[in-house]
Amino acid sequence: MLYFMSATIAADPALPSWIAPCYLEAQVGTTMRTGAVVSALSHALDLSTGQPTGHSIRSCILGMRIAEEIGLSDEVRNDLYYALLLKDCGCSSNASKTFHALGSDDIKAKRDVKTTDWTRISWETIQYAFSHVAPGKPFLERSRALFRMALHQKQHTKDVVKIRCERGSTLARLMELSDETAHGILSLDEHWDGRGNPDGLRKTEIPILSRIMLLAQTLEVFLASQGAEAALAVVNGRSKAWFDPDLIKAVRSLARRKELWTHLLSDRAFTLGLEMEPQQKVMKKGDTTLDSICLAFAQIVDAKSPFTFNHSNGVANAAVAIARVLKLKRERILFIRHAALLHDLGKLSVPNTILEKPGKPTDEEWEVLRLHPFYTWKILAGIPGFREMSEIAASHHEKLNGRGYFRGLTAEQLPIEARILVVADIFDALSAKRPYRDSLPLETVFQIMRKDTPHALDVTCVEALQQSGIGCDQTFVGLQNLHDQLASYQEY
Ligand SMILES: [Fe+2]
Ligand SMILES: [Fe+2]
């Protein structure tokens with residue numbers, strides 16, 4: 001079996017042996033690198049900010065090169081490494097607010113804001129406002145929206161940055177990363193001259209990690225969009241206003257020696273990023289790191305819109321309930337839980353204009369929606385040892401009769417874990433309270449689901465879910481809670 005734990009890893013006395021959140025390629029027999037998981041999942045963050053794939057990894061490489069150039073210790077660089085990869089993990093939390101404030105596609109707005117200097121009124125800020133504030137709306141409505149934005153722009157920017165940074169910092173702690181990493185993410189948007197957000201910190205009040213992160217992020221955004229020369233010109237132009245002048249000196253000297261951009265835009269970037277992690281953390285059998293990362297990414301996805309609030313937790317709880325009734329092995333229950341927590345990662349690619357649309361999506365919008373399991377698959381398939389996980393998680397909208405998406409798989413191609421996930425996903429979507437409707441009574445939910453059996457949904461899974469006695473349960477269940485729930489569980 002592809003998805004297995006290595007018997008050679010030392011047991012941790014804190015948790016029972018079946019809790020082994022290390023998915024190992026059996027044929028390779030190696031442990032899983034935390035950096036590999038986080039690097040691959042950072043692609044989901046690139047989607048949510050409209051950046052090209054690999055933006056977070058390339059920012060990480062640039063930041064690590066700058067850190068090495070100024071002689072930071074291994075320990076500090078290790079904190080920086082994860083802060084750089086996860087700098088955008090709070091971004092989904094302000095997506096809805098951004099969409100409502102601008103009345104336009106939040107992902108495009110986030111993409112373009114990274115190339116705009118919002119600290120002063122200029123031609124580029126005016127252009128940004130005209131592109132992103134209520135585009136396509138009637139003249140009067142648009143004029144009002146632009147006026148409102150001009151009036152409240154400073155406060156709005158501060159608010160969205162604050163939500164993003166505070167949430168990002170909380171999520172880093174949930175992923176069991178250090179306080180320094182969390183602080184780095186918290187102050188990412190502070191500027192050297194004190195005109196940044198959210199706290200207007202100045203100069204060395206800003207943590208060194210955040211100073212490097214802002215510089216690395218800016219270099220990457222302009223490198224990817226306008227090339228190396230433009231990237232250097234922008235950071236030189238913003239030196240002393242946005243950036244620590246000593247860090248700019250380090251960038252100049254790396255560029256002079258032609259060591260700044262090496263392999264950044266090549267296929268080697270992922271591997272190169274992994275090589276740059278100073279302490280090369282691995283997940284050991286019995287530790288909780290992977291579970292914590294899955295829980296955090298579930299929250300990142302669910303924060304994208306009030307319409308999906310706590311959905312991934314709900315799907316995970318329902319999927320575990322089904323798996324228990326079906327008496328699956330404990331390690332498979334944990335596998336299903338992780339697949340459920342990560343199943344909608346690809347939703348980070350969908351703008352809130354679609355996710356929060358009150359009416360039916362247009363054909364074009366539906367095409368965007370249908371692609372989200374594909375992105376889930378693509379992201380998870382990039383994690384060594386997650387091949388099976390990527391297949392199961394990305395099958396959550398498939399149907400036994402082949403009428404699902406994104407691949408139109410049929411019954412023979414859908415193993416029990418995928419069938420469980422399909423049923424759990426529909427159950428949570430129907431039973432949860434949504435901003436546009438109250439939760440449906442359980443009898444109605446099961447009536448609707450039964451109508452889709454046995455041709456579309458697996459009848460055994462639907463029956464198991466009903467038998468489990470679960471209601472809509474979107475509570476946050478930590479790994480220790482799961483262990484407690486399964487303490488007297490008898491598996492086959
Ligand atoms: Fe989905
Ligand atoms: Fe879902």
# chains A, B, ... in the order shown; residues from 1 in each chain; ligands from 1

call {"tool": "residues_near_ligand", "arguments": {"ligand": "ligand 2", "cutoff": "12 Å", "atoms": "only C-alpha atoms and all ligand atoms", "output": "number ranges by chain"}}
result
A: 298, 301-302, 307-316, 318-319, 339-348, 369-370, 372-373, 376, 393-398, 421-430, 432

call {"tool": "residues_around", "arguments": {"residues": "Tyr81 in chain A", "least_positions_apart": "2", "cutoff": "7 Å", "atoms": "only C-alpha atoms", "output": "PyMOL selection string"}}
result
chain A and resi 60+64+77-79+83-85+277

call {"tool": "closest_residue", "arguments": {"among": "A:Gln217, A:Gln280, A:Thr49, A:Thr170", "to": "Leu188 in chain A", "atoms": "only C-alpha atoms"}}
result
A:Gln217

call {"tool": "residues_around", "arguments": {"residues": "range 265-276 of chain A", "least_positions_apart": "2", "cutoff": "6 Å", "atoms": "only C-alpha atoms", "output": "PyMOL selection string"}}
result
chain A and resi 61+263+278

call {"tool": "write_last_selection", "arguments": {"atoms": "C-alpha atoms", "output": "PDB file, in the first residue's frame"}}
result
ATOM      1  CA  ILE A  61      14.291  31.426  -1.682  1.00  0.00           C
ATOM      2  CA  HIS A 263      17.346  29.054 -10.728  1.00  0.00           C
ATOM      3  CA  PRO A 278      18.313  25.176   7.722  1.00  0.00           C
TER       4      PRO A 278
END

call {"tool": "atom_distance", "arguments": {"atom1": "CA of His483 in chain A", "atom2": "CA of Arg330 in chain A"}}
result
9.5 Å

call {"tool": "residues_around", "arguments": {"residues": "Met449 in chain A", "least_positions_apart": "3", "cutoff": "9 Å", "atoms": "only C-alpha atoms", "output": "NGL selection string"}}
result
:A and (423 or 426-427 or 444-446 or 452-453 or 457 or 462)

call {"tool": "select_by_dssp", "arguments": {"residues": "range 219-417 of chain A", "states": "alpha helix (DSSP H)", "output": "compact mmCIF listing (two decimals) with N, CA and C atoms, in the first residue's frame"}}
result
# COMPACT_ATOMS: atom_id res chain seq x y z
N LEU A 219 10.33 41.74 -4.40
CA LEU A 219 11.25 41.31 -5.47
C LEU A 219 10.61 40.24 -6.34
N GLU A 220 9.95 39.26 -5.71
CA GLU A 220 9.37 38.16 -6.47
C GLU A 220 8.22 38.63 -7.35
N VAL A 221 7.36 39.47 -6.80
CA VAL A 221 6.19 39.93 -7.56
C VAL A 221 6.63 40.67 -8.83
N PHE A 222 7.62 41.53 -8.69
CA PHE A 222 8.08 42.29 -9.87
C PHE A 222 8.96 41.44 -10.79
N LEU A 223 9.71 40.50 -10.21
CA LEU A 223 10.48 39.59 -11.06
C LEU A 223 9.52 38.81 -11.96
N ALA A 224 8.46 38.24 -11.36
CA ALA A 224 7.53 37.40 -12.13
C ALA A 224 6.72 38.23 -13.13
N SER A 225 6.41 39.49 -12.78
CA SER A 225 5.54 40.25 -13.68
C SER A 225 6.32 41.14 -14.66
N GLN A 226 7.49 41.65 -14.23
CA GLN A 226 8.18 42.61 -15.10
C GLN A 226 9.66 42.32 -15.32
N ALA A 228 13.75 40.88 -13.83
CA ALA A 228 14.72 41.13 -12.76
C ALA A 228 15.12 42.61 -12.63
N GLU A 229 15.32 43.24 -13.77
CA GLU A 229 15.76 44.65 -13.71
C GLU A 229 14.70 45.54 -13.08
N ALA A 230 13.45 45.32 -13.49
CA ALA A 230 12.35 46.11 -12.93
C ALA A 230 12.23 45.86 -11.43
N ALA A 231 12.42 44.59 -11.02
CA ALA A 231 12.30 44.26 -9.59
C ALA A 231 13.34 45.02 -8.79
N LEU A 232 14.57 45.06 -9.31
CA LEU A 232 15.62 45.79 -8.59
C LEU A 232 15.33 47.29 -8.57
N ALA A 233 14.83 47.80 -9.69
CA ALA A 233 14.52 49.24 -9.75
C ALA A 233 13.44 49.60 -8.73
N VAL A 234 12.43 48.75 -8.60
CA VAL A 234 11.34 49.05 -7.66
C VAL A 234 11.85 49.05 -6.22
N VAL A 235 12.61 48.02 -5.85
CA VAL A 235 13.06 47.98 -4.44
C VAL A 235 14.08 49.09 -4.16
N ASN A 236 14.88 49.44 -5.15
CA ASN A 236 15.79 50.57 -4.97
C ASN A 236 15.00 51.85 -4.77
N GLY A 237 13.96 52.01 -5.59
CA GLY A 237 13.13 53.21 -5.50
C GLY A 237 12.39 53.32 -4.17
N PRO A 245 17.41 49.86 4.63
CA PRO A 245 18.50 50.12 3.68
C PRO A 245 19.62 49.07 3.75
N ASP A 246 19.85 48.48 4.92
CA ASP A 246 20.89 47.45 5.02
C ASP A 246 20.51 46.20 4.21
N LEU A 247 19.21 45.92 4.19
CA LEU A 247 18.77 44.76 3.40
C LEU A 247 18.88 45.05 1.91
N ILE A 248 18.62 46.30 1.55
CA ILE A 248 18.76 46.68 0.14
C ILE A 248 20.23 46.51 -0.29
N LYS A 249 21.15 46.87 0.62
CA LYS A 249 22.58 46.69 0.31
C LYS A 249 22.87 45.21 0.06
N ALA A 250 22.28 44.35 0.91
CA ALA A 250 22.49 42.90 0.73
C ALA A 250 21.95 42.44 -0.62
N VAL A 251 20.79 42.96 -1.00
CA VAL A 251 20.20 42.59 -2.30
C VAL A 251 21.12 43.04 -3.43
N ARG A 252 21.62 44.27 -3.33
CA ARG A 252 22.51 44.79 -4.39
C ARG A 252 23.75 43.92 -4.50
N SER A 253 24.29 43.54 -3.35
CA SER A 253 25.54 42.77 -3.46
C SER A 253 25.28 41.36 -4.00
N LEU A 254 24.14 40.76 -3.63
CA LEU A 254 23.77 39.46 -4.22
C LEU A 254 23.57 39.59 -5.73
N ALA A 255 22.94 40.68 -6.14
CA ALA A 255 22.67 40.88 -7.57
C ALA A 255 23.98 41.09 -8.33
N ARG A 256 24.90 41.87 -7.71
CA ARG A 256 26.20 42.11 -8.36
C ARG A 256 26.94 40.80 -8.60
N ALA A 269 13.02 25.20 -8.64
CA ALA A 269 12.73 26.08 -7.51
C ALA A 269 12.21 25.32 -6.29
N PHE A 270 11.32 24.32 -6.52
CA PHE A 270 10.75 23.58 -5.39
C PHE A 270 11.85 22.87 -4.59
N THR A 271 12.72 22.15 -5.31
CA THR A 271 13.81 21.42 -4.66
C THR A 271 14.79 22.39 -4.01
N LEU A 272 15.06 23.47 -4.73
CA LEU A 272 15.99 24.47 -4.20
C LEU A 272 15.45 25.04 -2.88
N GLY A 273 14.16 25.31 -2.85
CA GLY A 273 13.53 25.82 -1.63
C GLY A 273 13.71 24.84 -0.49
N LEU A 274 13.50 23.55 -0.79
CA LEU A 274 13.64 22.53 0.27
C LEU A 274 15.07 22.48 0.81
N GLU A 275 16.02 22.64 -0.09
CA GLU A 275 17.43 22.59 0.34
C GLU A 275 17.79 23.76 1.25
N THR A 289 2.17 17.26 13.99
CA THR A 289 2.40 18.36 13.04
C THR A 289 1.50 18.31 11.82
N LEU A 290 1.44 17.15 11.16
CA LEU A 290 0.66 17.09 9.92
C LEU A 290 -0.81 17.35 10.18
N ASP A 291 -1.32 16.77 11.27
CA ASP A 291 -2.73 16.99 11.59
C ASP A 291 -2.99 18.49 11.82
N SER A 292 -2.07 19.14 12.52
CA SER A 292 -2.22 20.58 12.80
C SER A 292 -2.18 21.38 11.50
N ILE A 293 -1.31 20.99 10.57
CA ILE A 293 -1.23 21.69 9.29
C ILE A 293 -2.53 21.51 8.51
N CYS A 294 -3.07 20.28 8.52
CA CYS A 294 -4.35 20.02 7.82
C CYS A 294 -5.47 20.86 8.44
N LEU A 295 -5.52 20.91 9.77
CA LEU A 295 -6.56 21.71 10.44
C LEU A 295 -6.43 23.18 10.07
N ALA A 296 -5.19 23.66 10.03
CA ALA A 296 -4.98 25.09 9.71
C ALA A 296 -5.39 25.39 8.27
N PHE A 297 -5.03 24.50 7.34
CA PHE A 297 -5.40 24.76 5.93
C PHE A 297 -6.90 24.62 5.72
N ALA A 298 -7.54 23.75 6.51
CA ALA A 298 -9.01 23.68 6.45
C ALA A 298 -9.59 25.04 6.84
N GLN A 299 -9.01 25.65 7.86
CA GLN A 299 -9.51 26.96 8.29
C GLN A 299 -9.22 28.05 7.25
N ILE A 300 -8.08 27.92 6.58
CA ILE A 300 -7.74 28.90 5.54
C ILE A 300 -8.80 28.83 4.44
N VAL A 301 -9.17 27.62 4.04
CA VAL A 301 -10.17 27.45 2.99
C VAL A 301 -11.53 27.97 3.47
N ASP A 302 -11.92 27.57 4.67
CA ASP A 302 -13.25 27.93 5.16
C ASP A 302 -13.41 29.42 5.43
N HIS A 311 -17.03 24.61 6.86
CA HIS A 311 -17.44 23.47 6.02
C HIS A 311 -16.43 22.31 6.10
N SER A 312 -15.15 22.60 6.00
CA SER A 312 -14.16 21.50 5.98
C SER A 312 -14.16 20.72 7.29
N ASN A 313 -14.33 21.43 8.41
CA ASN A 313 -14.46 20.72 9.70
C ASN A 313 -15.68 19.82 9.69
N GLY A 314 -16.78 20.35 9.16
CA GLY A 314 -18.03 19.58 9.11
C GLY A 314 -17.88 18.33 8.26
N VAL A 315 -17.20 18.47 7.11
CA VAL A 315 -17.00 17.32 6.23
C VAL A 315 -16.10 16.29 6.92
N ALA A 316 -15.06 16.78 7.60
CA ALA A 316 -14.16 15.85 8.30
C ALA A 316 -14.91 15.09 9.39
N ASN A 317 -15.74 15.79 10.14
CA ASN A 317 -16.47 15.11 11.22
C ASN A 317 -17.46 14.08 10.67
N ALA A 318 -18.15 14.45 9.59
CA ALA A 318 -19.11 13.50 8.99
C ALA A 318 -18.37 12.30 8.39
N ALA A 319 -17.24 12.57 7.72
CA ALA A 319 -16.48 11.48 7.08
C ALA A 319 -15.94 10.50 8.14
N VAL A 320 -15.45 11.05 9.25
CA VAL A 320 -14.96 10.18 10.34
C VAL A 320 -16.12 9.36 10.90
N ALA A 321 -17.29 9.99 11.04
CA ALA A 321 -18.47 9.27 11.58
C ALA A 321 -18.83 8.08 10.68
N ILE A 322 -18.82 8.29 9.36
CA ILE A 322 -19.14 7.19 8.43
C ILE A 322 -18.08 6.09 8.55
N ALA A 323 -16.81 6.51 8.53
CA ALA A 323 -15.70 5.53 8.55
C ALA A 323 -15.75 4.68 9.82
N ARG A 324 -16.18 5.28 10.92
CA ARG A 324 -16.27 4.52 12.18
C ARG A 324 -17.37 3.46 12.10
N VAL A 325 -18.52 3.86 11.55
CA VAL A 325 -19.62 2.89 11.44
C VAL A 325 -19.22 1.75 10.50
N ARG A 330 -8.03 2.35 11.99
CA ARG A 330 -7.77 3.67 12.57
C ARG A 330 -6.92 4.54 11.65
N GLU A 331 -5.87 3.94 11.08
CA GLU A 331 -4.99 4.77 10.24
C GLU A 331 -5.73 5.26 8.99
N ARG A 332 -6.72 4.47 8.53
CA ARG A 332 -7.51 4.92 7.37
C ARG A 332 -8.48 6.03 7.80
N ILE A 333 -8.95 5.96 9.04
CA ILE A 333 -9.83 7.04 9.53
C ILE A 333 -9.06 8.36 9.55
N LEU A 334 -7.81 8.26 9.99
CA LEU A 334 -6.99 9.48 10.02
C LEU A 334 -6.73 9.98 8.59
N PHE A 335 -6.50 9.05 7.70
CA PHE A 335 -6.29 9.41 6.28
C PHE A 335 -7.53 10.14 5.73
N ILE A 336 -8.72 9.60 6.02
CA ILE A 336 -9.97 10.21 5.53
C ILE A 336 -10.17 11.58 6.15
N ARG A 337 -9.83 11.67 7.43
CA ARG A 337 -9.96 12.97 8.10
C ARG A 337 -9.11 14.03 7.39
N HIS A 338 -7.87 13.67 7.05
CA HIS A 338 -6.99 14.64 6.39
C HIS A 338 -7.48 14.97 4.98
N ALA A 339 -7.94 13.94 4.27
CA ALA A 339 -8.47 14.19 2.92
C ALA A 339 -9.68 15.14 3.01
N ALA A 340 -10.50 14.94 4.03
CA ALA A 340 -11.70 15.79 4.20
C ALA A 340 -11.29 17.22 4.57
N LEU A 341 -10.31 17.35 5.45
CA LEU A 341 -9.90 18.70 5.86
C LEU A 341 -9.33 19.48 4.67
N LEU A 342 -8.70 18.74 3.73
CA LEU A 342 -8.03 19.42 2.62
C LEU A 342 -8.82 19.39 1.31
N ASN A 352 -14.62 35.46 -4.80
CA ASN A 352 -15.85 35.58 -3.99
C ASN A 352 -17.03 36.12 -4.80
N THR A 353 -16.74 36.75 -5.94
CA THR A 353 -17.85 37.18 -6.81
C THR A 353 -18.68 35.96 -7.21
N ILE A 354 -18.04 34.80 -7.29
CA ILE A 354 -18.75 33.56 -7.63
C ILE A 354 -19.24 32.86 -6.36
N LEU A 355 -18.33 32.73 -5.37
CA LEU A 355 -18.69 32.00 -4.15
C LEU A 355 -19.88 32.64 -3.43
N ASP A 363 -22.65 30.00 -17.01
CA ASP A 363 -21.87 28.86 -17.52
C ASP A 363 -20.38 29.08 -17.29
N GLU A 364 -19.96 30.31 -17.51
CA GLU A 364 -18.54 30.64 -17.36
C GLU A 364 -18.12 30.50 -15.88
N GLU A 365 -18.96 30.99 -14.98
CA GLU A 365 -18.66 30.88 -13.54
C GLU A 365 -18.68 29.42 -13.10
N TRP A 366 -19.59 28.67 -13.66
CA TRP A 366 -19.69 27.24 -13.32
C TRP A 366 -18.42 26.51 -13.72
N GLU A 367 -17.83 26.92 -14.86
CA GLU A 367 -16.57 26.31 -15.30
C GLU A 367 -15.46 26.57 -14.28
N VAL A 368 -15.45 27.78 -13.73
CA VAL A 368 -14.44 28.11 -12.71
C VAL A 368 -14.66 27.25 -11.47
N LEU A 369 -15.93 27.13 -11.06
CA LEU A 369 -16.25 26.32 -9.87
C LEU A 369 -15.86 24.85 -10.06
N ARG A 370 -16.16 24.34 -11.25
CA ARG A 370 -15.89 22.92 -11.52
C ARG A 370 -14.40 22.58 -11.47
N HIS A 372 -12.31 23.54 -9.15
CA HIS A 372 -11.67 23.57 -7.83
C HIS A 372 -11.14 22.21 -7.36
N PRO A 373 -11.84 21.07 -7.65
CA PRO A 373 -11.22 19.79 -7.24
C PRO A 373 -9.95 19.48 -8.02
N PHE A 374 -9.87 19.99 -9.26
CA PHE A 374 -8.64 19.80 -10.03
C PHE A 374 -7.47 20.48 -9.30
N TYR A 375 -7.69 21.70 -8.82
CA TYR A 375 -6.61 22.40 -8.10
C TYR A 375 -6.26 21.68 -6.81
N THR A 376 -7.28 21.13 -6.13
CA THR A 376 -6.99 20.34 -4.92
C THR A 376 -6.04 19.20 -5.28
N TRP A 377 -6.37 18.51 -6.37
CA TRP A 377 -5.55 17.38 -6.81
C TRP A 377 -4.12 17.83 -7.12
N LYS A 378 -4.04 18.93 -7.87
CA LYS A 378 -2.72 19.41 -8.30
C LYS A 378 -1.84 19.79 -7.10
N ILE A 379 -2.44 20.44 -6.14
CA ILE A 379 -1.65 20.86 -4.96
C ILE A 379 -1.20 19.65 -4.15
N LEU A 380 -2.15 18.75 -3.86
CA LEU A 380 -1.81 17.61 -3.00
C LEU A 380 -0.88 16.62 -3.70
N ALA A 381 -1.03 16.49 -5.02
CA ALA A 381 -0.16 15.56 -5.75
C ALA A 381 1.29 16.00 -5.69
N ARG A 387 0.11 10.90 -2.94
CA ARG A 387 -0.53 10.61 -4.23
C ARG A 387 -1.95 10.09 -4.03
N GLU A 388 -2.11 9.13 -3.12
CA GLU A 388 -3.44 8.58 -2.89
C GLU A 388 -4.37 9.64 -2.29
N MET A 389 -3.83 10.40 -1.37
CA MET A 389 -4.62 11.48 -0.74
C MET A 389 -5.15 12.46 -1.80
N SER A 390 -4.29 12.78 -2.78
CA SER A 390 -4.71 13.75 -3.80
C SER A 390 -5.87 13.19 -4.62
N GLU A 391 -5.83 11.89 -4.90
CA GLU A 391 -6.91 11.26 -5.69
C GLU A 391 -8.22 11.26 -4.91
N ILE A 392 -8.15 10.90 -3.65
CA ILE A 392 -9.37 10.81 -2.83
C ILE A 392 -9.96 12.21 -2.61
N ALA A 393 -9.13 13.14 -2.20
CA ALA A 393 -9.63 14.49 -1.89
C ALA A 393 -10.24 15.15 -3.13
N ILE A 416 -13.77 3.20 -1.45
CA ILE A 416 -14.66 3.52 -0.33
C ILE A 416 -14.33 4.89 0.30
N GLU A 417 -13.04 5.23 0.37
CA GLU A 417 -12.67 6.51 0.99
C GLU A 417 -13.24 7.69 0.20

call {"tool": "closest_residue", "arguments": {"among": "A:Arg167, A:Pro351, A:Leu326, A:Ala411", "to": "Leu465 in chain A", "atoms": "only C-alpha atoms"}}
result
A:Leu326

call {"tool": "closest_residue", "arguments": {"among": "A:Asp199, A:Glu176, A:Glu259, A:Asp88", "to": "Thr288 in chain A", "atoms": "only C-alpha atoms"}}
result
A:Glu176

call {"tool": "closest_residue", "arguments": {"among": "A:Gly63, A:Gly404, A:Gly478, A:Pro441", "to": "ligand 1", "atoms": "only C-alpha atoms and all ligand atoms"}}
result
A:Gly404

call {"tool": "closest_residue", "arguments": {"among": "A:Leu482, A:Ser349, A:Ser439, A:Met213", "to": "ligand 1", "atoms": "only C-alpha atoms and all ligand atoms"}}
result
A:Ser349
